[in-house]
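Colleague: Next comes the structure file coords26.txt, holding compact mmCIF, C-alpha atoms.
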# COMPACT_ATOMS: atom_id res chain seq x y z
CA MET A 1 -18.25 88.91 -20.18
CA THR A 2 -19.60 91.04 -23.01
CA MET A 3 -19.84 90.28 -26.68
CA SER A 4 -20.92 92.68 -29.36
CA ALA A 5 -23.23 91.79 -32.19
CA ILE A 6 -23.77 94.07 -35.14
CA LYS A 7 -27.17 94.94 -36.50
CA ILE A 8 -27.33 96.41 -40.00
CA GLU A 9 -30.53 97.80 -41.47
CA CYS A 10 -31.42 99.74 -44.57
CA VAL A 11 -33.21 102.75 -43.06
CA LEU A 12 -33.82 104.46 -46.38
CA PRO A 13 -34.15 102.43 -49.57
CA GLY A 14 -33.65 105.72 -51.43
CA ASN A 15 -32.01 104.24 -54.55
CA CYS A 16 -29.27 106.85 -54.73
CA ARG A 17 -27.34 106.61 -57.96
CA LEU A 18 -24.23 107.60 -56.03
CA GLY A 19 -24.94 108.40 -52.39
CA GLU A 20 -22.13 110.22 -50.57
CA SER A 21 -21.11 112.61 -47.80
CA PRO A 22 -23.33 111.54 -44.88
CA VAL A 23 -23.39 114.20 -42.14
CA TRP A 24 -25.38 114.03 -38.90
CA GLU A 25 -27.30 117.18 -37.97
CA GLU A 26 -27.90 116.94 -34.26
CA ALA A 27 -30.31 119.88 -34.06
CA SER A 28 -32.88 118.16 -36.30
CA ASN A 29 -32.02 114.49 -35.63
CA SER A 30 -31.41 114.25 -39.34
CA LEU A 31 -28.92 112.73 -41.73
CA LEU A 32 -27.76 114.90 -44.62
CA PHE A 33 -26.28 113.24 -47.70
CA VAL A 34 -25.90 113.86 -51.42
CA ASP A 35 -26.63 111.91 -54.60
CA ILE A 36 -23.84 113.17 -56.85
CA PRO A 37 -25.09 112.55 -60.44
CA ALA A 38 -28.73 113.17 -59.47
CA LYS A 39 -27.60 116.66 -58.30
CA ARG A 40 -29.53 116.27 -55.07
CA VAL A 41 -28.90 117.18 -51.44
CA CYS A 42 -31.13 115.14 -49.13
CA ARG A 43 -32.11 115.41 -45.49
CA TRP A 44 -33.57 112.34 -43.82
CA ASP A 45 -35.40 112.96 -40.55
CA SER A 46 -34.67 109.95 -38.35
CA LEU A 47 -37.78 110.57 -36.20
CA SER A 48 -40.44 111.10 -38.88
CA GLN A 49 -38.52 108.99 -41.48
CA ARG A 50 -39.31 111.67 -44.05
CA VAL A 51 -36.85 112.87 -46.67
CA GLN A 52 -36.63 116.44 -47.93
CA GLN A 53 -34.44 117.24 -50.89
CA MET A 54 -32.99 120.12 -52.83
CA THR A 55 -31.91 119.86 -56.46
CA VAL A 56 -28.96 121.92 -57.71
CA ASP A 57 -27.61 122.67 -61.19
CA ALA A 58 -24.48 120.46 -61.24
CA PRO A 59 -23.19 117.28 -59.58
CA VAL A 60 -23.14 117.87 -55.81
CA SER A 61 -20.45 115.87 -54.07
CA SER A 62 -20.37 116.93 -50.41
CA VAL A 63 -22.42 118.85 -47.88
CA ALA A 64 -21.53 120.29 -44.47
CA LEU A 65 -23.18 122.26 -41.67
CA ARG A 66 -22.72 126.01 -41.59
CA GLN A 67 -22.23 127.70 -38.24
CA SER A 68 -24.60 130.54 -39.13
CA GLY A 69 -27.32 128.04 -40.12
CA GLY A 70 -28.00 126.31 -43.39
CA TYR A 71 -25.37 124.31 -45.21
CA VAL A 72 -22.38 124.53 -47.50
CA ALA A 73 -21.84 122.19 -50.42
CA THR A 74 -19.45 121.44 -53.26
CA ILE A 75 -21.37 121.71 -56.53
CA GLY A 76 -19.50 121.14 -59.80
CA THR A 77 -16.25 123.04 -59.18
CA LYS A 78 -17.87 125.57 -56.83
CA PHE A 79 -18.02 125.98 -53.08
CA CYS A 80 -21.61 127.10 -52.38
CA ALA A 81 -23.80 128.15 -49.48
CA LEU A 82 -27.21 126.46 -49.49
CA ASN A 83 -30.37 128.12 -48.30
CA TRP A 84 -32.70 125.20 -47.54
CA GLU A 85 -35.75 127.44 -47.05
CA ASP A 86 -35.81 128.94 -50.54
CA GLN A 87 -33.81 126.08 -52.14
CA SER A 88 -31.12 128.39 -53.49
CA ALA A 89 -27.34 128.00 -53.80
CA ILE A 90 -24.99 130.99 -53.55
CA VAL A 91 -21.50 130.58 -55.05
CA LEU A 92 -18.72 131.37 -52.56
CA ALA A 93 -15.72 130.38 -54.73
CA THR A 94 -14.81 128.48 -57.90
CA VAL A 95 -11.74 126.28 -58.55
CA ASP A 96 -10.18 124.42 -61.50
CA LYS A 97 -11.46 127.00 -63.99
CA ASP A 98 -9.01 125.70 -66.60
CA LYS A 99 -10.29 122.10 -66.27
CA LYS A 100 -13.74 121.95 -67.80
CA ASN A 101 -14.07 118.20 -67.19
CA ASN A 102 -13.39 118.39 -63.44
CA ARG A 103 -15.74 118.34 -60.49
CA PHE A 104 -15.38 118.35 -56.74
CA ASN A 105 -15.61 115.09 -54.85
CA ASP A 106 -15.57 114.50 -51.08
CA GLY A 107 -15.37 117.41 -48.63
CA LYS A 108 -15.41 118.10 -44.89
CA VAL A 109 -15.06 121.07 -42.52
CA ASP A 110 -12.16 121.23 -40.06
CA PRO A 111 -12.65 122.30 -36.40
CA ALA A 112 -11.71 125.90 -37.30
CA GLY A 113 -14.34 126.18 -40.04
CA ARG A 114 -12.24 125.59 -43.16
CA TYR A 115 -14.05 123.55 -45.81
CA PHE A 116 -11.60 121.04 -47.30
CA ALA A 117 -12.55 119.44 -50.61
CA GLY A 118 -10.71 117.97 -53.57
CA THR A 119 -11.42 117.62 -57.26
CA MET A 120 -11.21 114.87 -59.88
CA ALA A 121 -11.89 114.41 -63.56
CA GLU A 122 -15.47 113.37 -64.36
CA GLU A 123 -15.64 109.58 -64.68
CA THR A 124 -16.44 107.77 -67.94
CA ALA A 125 -17.43 104.74 -65.81
CA PRO A 126 -17.20 104.21 -62.04
CA ALA A 127 -13.52 104.70 -61.02
CA VAL A 128 -12.52 105.10 -64.70
CA LEU A 129 -11.24 108.60 -65.47
CA GLU A 130 -8.36 110.69 -66.73
CA ARG A 131 -5.68 110.37 -64.05
CA HIS A 132 -3.93 113.10 -62.01
CA GLN A 133 -6.40 115.89 -62.89
CA GLY A 134 -7.53 116.75 -59.36
CA SER A 135 -6.29 118.99 -56.54
CA LEU A 136 -7.00 119.43 -52.84
CA TYR A 137 -8.41 122.81 -51.76
CA SER A 138 -9.73 124.52 -48.68
CA LEU A 139 -12.28 127.33 -48.46
CA PHE A 140 -11.39 129.48 -45.45
CA PRO A 141 -14.06 131.23 -43.33
CA ASP A 142 -13.21 134.55 -45.06
CA HIS A 143 -14.03 132.81 -48.38
CA HIS A 144 -10.50 132.77 -49.81
CA VAL A 145 -9.37 129.43 -51.22
CA GLU A 146 -6.02 127.74 -50.77
CA LYS A 147 -4.72 124.91 -52.93
CA TYR A 148 -2.60 122.29 -51.16
CA PHE A 149 -1.43 119.98 -53.93
CA ASP A 150 -2.42 118.64 -57.35
CA GLN A 151 -1.90 115.39 -59.32
CA VAL A 152 -4.84 113.81 -57.46
CA ASP A 153 -6.82 110.97 -59.08
CA ILE A 154 -10.00 110.73 -56.97
CA SER A 155 -9.97 113.05 -53.96
CA ASN A 156 -11.81 111.27 -51.19
CA GLY A 157 -12.17 110.61 -47.46
CA LEU A 158 -10.88 113.26 -45.06
CA ASP A 159 -10.94 113.84 -41.32
CA TRP A 160 -8.86 115.12 -38.41
CA SER A 161 -7.42 113.38 -35.36
CA LEU A 162 -9.17 114.06 -32.06
CA ASP A 163 -6.40 116.49 -31.00
CA HIS A 164 -6.59 118.13 -34.48
CA LYS A 165 -2.84 117.67 -35.02
CA ILE A 166 -3.21 115.15 -37.86
CA PHE A 167 -5.18 115.43 -41.10
CA TYR A 168 -6.17 112.13 -42.72
CA TYR A 169 -6.81 111.94 -46.45
CA ILE A 170 -7.51 109.42 -49.19
CA ASP A 171 -6.66 109.63 -52.90
CA SER A 172 -8.68 106.55 -53.88
CA LEU A 173 -6.55 105.11 -56.68
CA SER A 174 -3.44 105.15 -54.46
CA TYR A 175 -5.23 102.48 -52.34
CA SER A 176 -3.79 104.22 -49.30
CA VAL A 177 -5.01 106.13 -46.26
CA ASP A 178 -2.55 109.00 -45.75
CA ALA A 179 -1.77 111.29 -42.82
CA PHE A 180 -0.34 114.82 -42.67
CA ASP A 181 0.80 116.92 -39.74
CA TYR A 182 -1.86 119.60 -39.28
CA ASP A 183 -1.67 123.14 -37.93
CA LEU A 184 -5.16 124.13 -36.83
CA GLN A 185 -4.17 127.81 -36.44
CA THR A 186 -3.08 128.21 -40.07
CA GLY A 187 -4.65 125.26 -41.88
CA LYS A 188 -1.21 124.19 -43.12
CA ILE A 189 -0.45 120.52 -43.84
CA SER A 190 2.96 118.84 -44.03
CA ASN A 191 4.87 115.55 -43.81
CA ARG A 192 2.62 113.27 -45.88
CA ARG A 193 2.83 109.55 -45.09
CA SER A 194 0.75 106.41 -45.56
CA VAL A 195 -0.86 104.90 -42.46
CA TYR A 196 -2.69 102.00 -44.17
CA LYS A 197 -2.53 100.28 -47.55
CA LEU A 198 -5.70 98.49 -48.60
CA GLU A 199 -5.68 94.77 -49.27
CA LYS A 200 -6.95 93.40 -52.56
CA GLU A 201 -10.38 92.28 -51.32
CA GLU A 202 -10.91 95.63 -49.58
CA GLN A 203 -10.95 97.24 -53.03
CA ILE A 204 -11.05 101.07 -53.33
CA PRO A 205 -10.89 103.36 -50.27
CA ASP A 206 -13.65 105.97 -50.43
CA GLY A 207 -15.22 108.11 -47.68
CA MET A 208 -13.91 108.09 -44.12
CA CYS A 209 -14.75 109.19 -40.58
CA ILE A 210 -13.14 109.03 -37.14
CA ASP A 211 -14.62 107.52 -33.98
CA ALA A 212 -14.49 108.59 -30.33
CA GLU A 213 -11.36 106.46 -29.79
CA GLY A 214 -9.47 108.15 -32.63
CA LYS A 215 -9.73 105.14 -34.94
CA LEU A 216 -10.58 105.59 -38.62
CA TRP A 217 -13.50 104.02 -40.46
CA VAL A 218 -13.10 103.74 -44.23
CA ALA A 219 -15.84 102.78 -46.68
CA CYS A 220 -14.50 100.38 -49.32
CA TYR A 221 -16.03 101.00 -52.76
CA ASN A 222 -16.61 97.66 -54.58
CA GLY A 223 -15.57 95.98 -51.32
CA GLY A 224 -19.02 96.04 -49.70
CA ARG A 225 -17.63 96.93 -46.28
CA VAL A 226 -16.38 99.56 -43.90
CA ILE A 227 -13.11 98.84 -42.11
CA ARG A 228 -11.85 100.19 -38.79
CA LEU A 229 -8.17 101.12 -38.76
CA ASP A 230 -5.70 102.12 -36.08
CA PRO A 231 -3.72 104.97 -37.70
CA GLN A 232 -1.01 104.61 -35.03
CA THR A 233 -0.20 100.96 -35.73
CA GLY A 234 -1.45 100.69 -39.32
CA LYS A 235 -3.52 97.64 -38.34
CA ARG A 236 -7.08 96.80 -39.37
CA LEU A 237 -9.17 96.28 -36.22
CA GLN A 238 -12.60 95.39 -37.57
CA THR A 239 -14.50 94.73 -40.80
CA VAL A 240 -18.24 95.37 -41.13
CA LYS A 241 -19.68 93.80 -44.27
CA LEU A 242 -22.79 95.29 -45.85
CA PRO A 243 -25.33 93.67 -48.21
CA VAL A 244 -24.24 96.02 -51.04
CA ASP A 245 -20.95 96.22 -52.97
CA LYS A 246 -20.50 99.93 -53.63
CA THR A 247 -20.18 101.34 -50.12
CA THR A 248 -19.09 104.98 -50.46
CA SER A 249 -18.89 106.79 -47.10
CA CYS A 250 -19.78 106.68 -43.42
CA CYS A 251 -20.43 108.90 -40.40
CA PHE A 252 -21.57 108.55 -36.82
CA GLY A 253 -24.93 109.93 -35.70
CA GLY A 254 -28.08 109.20 -33.77
CA LYS A 255 -28.48 109.41 -30.02
CA ASP A 256 -25.02 109.73 -28.40
CA TYR A 257 -23.50 109.25 -31.86
CA SER A 258 -23.67 105.50 -31.24
CA GLU A 259 -24.93 104.60 -34.72
CA MET A 260 -22.99 104.53 -37.94
CA TYR A 261 -24.63 105.60 -41.19
CA VAL A 262 -23.26 104.27 -44.48
CA THR A 263 -24.01 105.53 -47.99
CA CYS A 264 -23.63 103.49 -51.17
CA ALA A 265 -24.19 103.58 -54.92
CA ARG A 266 -26.38 101.93 -57.54
CA ASP A 267 -24.63 103.30 -60.62
CA GLY A 268 -22.34 100.79 -62.29
CA ILE A 269 -24.20 97.68 -61.08
CA ASP A 270 -25.69 95.52 -63.84
CA PRO A 271 -29.32 94.28 -63.67
CA GLU A 272 -28.16 90.88 -62.40
CA GLY A 273 -26.14 92.56 -59.67
CA LEU A 274 -29.16 94.64 -58.64
CA LEU A 275 -31.23 91.47 -58.20
CA ARG A 276 -28.52 90.20 -55.86
CA GLN A 277 -28.36 93.49 -53.91
CA PRO A 278 -31.78 95.14 -54.13
CA GLU A 279 -30.87 97.65 -51.41
CA ALA A 280 -28.00 99.16 -53.45
CA GLY A 281 -28.27 102.95 -53.30
CA GLY A 282 -29.93 102.90 -49.88
CA ILE A 283 -28.78 104.37 -46.56
CA PHE A 284 -27.68 101.85 -43.96
CA LYS A 285 -27.54 102.09 -40.19
CA VAL A 286 -25.05 100.01 -38.22
CA ILE A 287 -25.66 99.45 -34.51
CA TRP A 288 -23.38 97.65 -32.08
CA GLN A 289 -25.42 95.61 -29.63
CA PHE A 290 -23.55 94.55 -26.52
CA LEU A 291 -24.64 91.23 -25.07
CA PHE A 292 -23.81 90.52 -21.44
CA LEU A 293 -23.13 86.84 -20.91
CA TYR A 294 -23.38 85.50 -17.39
CA GLY A 295 -22.02 82.04 -16.72
Written as structure tokens, that's how I'd like the structure from this file.
Modeller:
Amino acid sequence: MTMSAIKIECVLPGNCRLGESPVWEEASNSLLFVDIPAKRVCRWDSLSQRVQQMTVDAPVSSVALRQSGGYVATIGTKFCALNWEDQSAIVLATVDKDKKNNRFNDGKVDPAGRYFAGTMAEETAPAVLERHQGSLYSLFPDHHVEKYFDQVDISNGLDWSLDHKIFYYIDSLSYSVDAFDYDLQTGKISNRRSVYKLEKEEQIPDGMCIDAEGKLWVACYNGGRVIRLDPQTGKRLQTVKLPVDKTTSCCFGGKDYSEMYVTCARDGIDPEGLLRQPEAGGIFKVIWQFLFLYG
């Protein structure tokens, strides 16, 4: 029989104030991520263990790979193209022009190249903010922007089912993981429904990714864990607890995409809390080790 054990290590004690949006870049064996309030996009080379970074002029909340090379990112209320070589950001589109206190939050690119990202009001303290100020947008490959809906509190985790027919989305303060029917040809979404409601100890749903079996992994902010959900049955399948409270997002990467990378935050933890969780703000790697038991 086989049993799996989980190994969790802090691969980068980077002390992010608010680490987010981990993305694996296969071509360079690197993990991209952002530190929102520090206005930094980082690239950690898993082979050399070195980190390169680029500083931008406003809070940067998500980063994604660009087909033509380089990256795209959500900076303030702008969709931008990043040129890593000369460390420049080119604005592709701006949203929420009437809401000076807003910024983008989580974002991800769909299989047809549309960059989905939502906004929120800037927080006065972690998860404390003016409610219903955000909207969900998508930047299309031709650089036009479509708005899907508004009244969002904290626009967060997003991903697509393996057959691309379902779009999953989290508005954090609803404590729900939602699903929409998705039309990959047009980028249209419809028929919103909840597939999982978080339990009290799971705290606030944040970033999210999907695995090779079509199950969702959700990072639980203040819950110190990532949970694996079956969106078909609405059941929680697994809980992975981390040695930090403010887990923010997750993605798969590494060789064969068999490792999970988890980002977290330091902001909002008091000095006593930091003594208890010295690795807060680091990047964690989760590996499933399968043990074969013969008897």
Colleague: I'd like the neighbourhood of Leu129 (chain A) as a VMD selection string, where a residue qualifies if any of its atoms comes within 12 Å (using only C-alpha atoms), though same-chain residues fewer than 4 positions away should be ignored.
Modeller: chain A and resid 101 to 103 120 to 125 133 to 134 152 to 154 173
Colleague: Please report, as JSON lines, each residue of region 70-173 of chain A lying at most 10 Å from region 192-197 of chain A, together with the nearest pair of atoms and the separation in Å rounded to one decimal; use all atoms listed in the file, and order rows by chain and ascending residue number.
Modeller:
{"residue": "A:Phe167", "atom": "CA", "partner": "A:Arg192", "partner_atom": "CA", "distance": 9.4}
{"residue": "A:Tyr168", "atom": "CA", "partner": "A:Val195", "partner_atom": "CA", "distance": 9.0}
{"residue": "A:Tyr169", "atom": "CA", "partner": "A:Ser194", "partner_atom": "CA", "distance": 9.4}
{"residue": "A:Ile170", "atom": "CA", "partner": "A:Ser194", "partner_atom": "CA", "distance": 9.5}
Colleague: Using all atoms listed in the file, what table do you get, as JSON lines, when you list each residue of region 84-139 of chain A with an atom no more than 10 Å from region 1-25 of chain A, its nearest pair of atoms, and their distance in Å rounded to one decimal, rows by chain then rising number?
Modeller:
{"residue": "A:Asn105", "atom": "CA", "partner": "A:Glu20", "partner_atom": "CA", "distance": 9.2}
{"residue": "A:Asp106", "atom": "CA", "partner": "A:Ser21", "partner_atom": "CA", "distance": 6.7}
{"residue": "A:Gly107", "atom": "CA", "partner": "A:Ser21", "partner_atom": "CA", "distance": 7.5}
{"residue": "A:Lys108", "atom": "CA", "partner": "A:Ser21", "partner_atom": "CA", "distance": 8.4}
{"residue": "A:Pro126", "atom": "CA", "partner": "A:Leu18", "partner_atom": "CA", "distance": 9.9}
Colleague: I'd like the contact shell of Gly254 (chain A) - 9 Å cut-off, only C-alpha atoms, skipping same-chain residues fewer than 2 positions apart - returned as an NGL selection string.
Modeller: :A and (24 or 26 or 29-31 or 46 or 252 or 256-261)
Colleague: Counting all atoms listed in the file, which of A:Pro141, A:Gly70, A:Gly273, A:Gly113 gets nearest to Asp245 (chain A)?
Modeller: A:Gly273
Colleague: Do you have the CA of Gln87 (chain A)-CA of Lys99 (chain A) distance handy?
Modeller: 27.7 Å
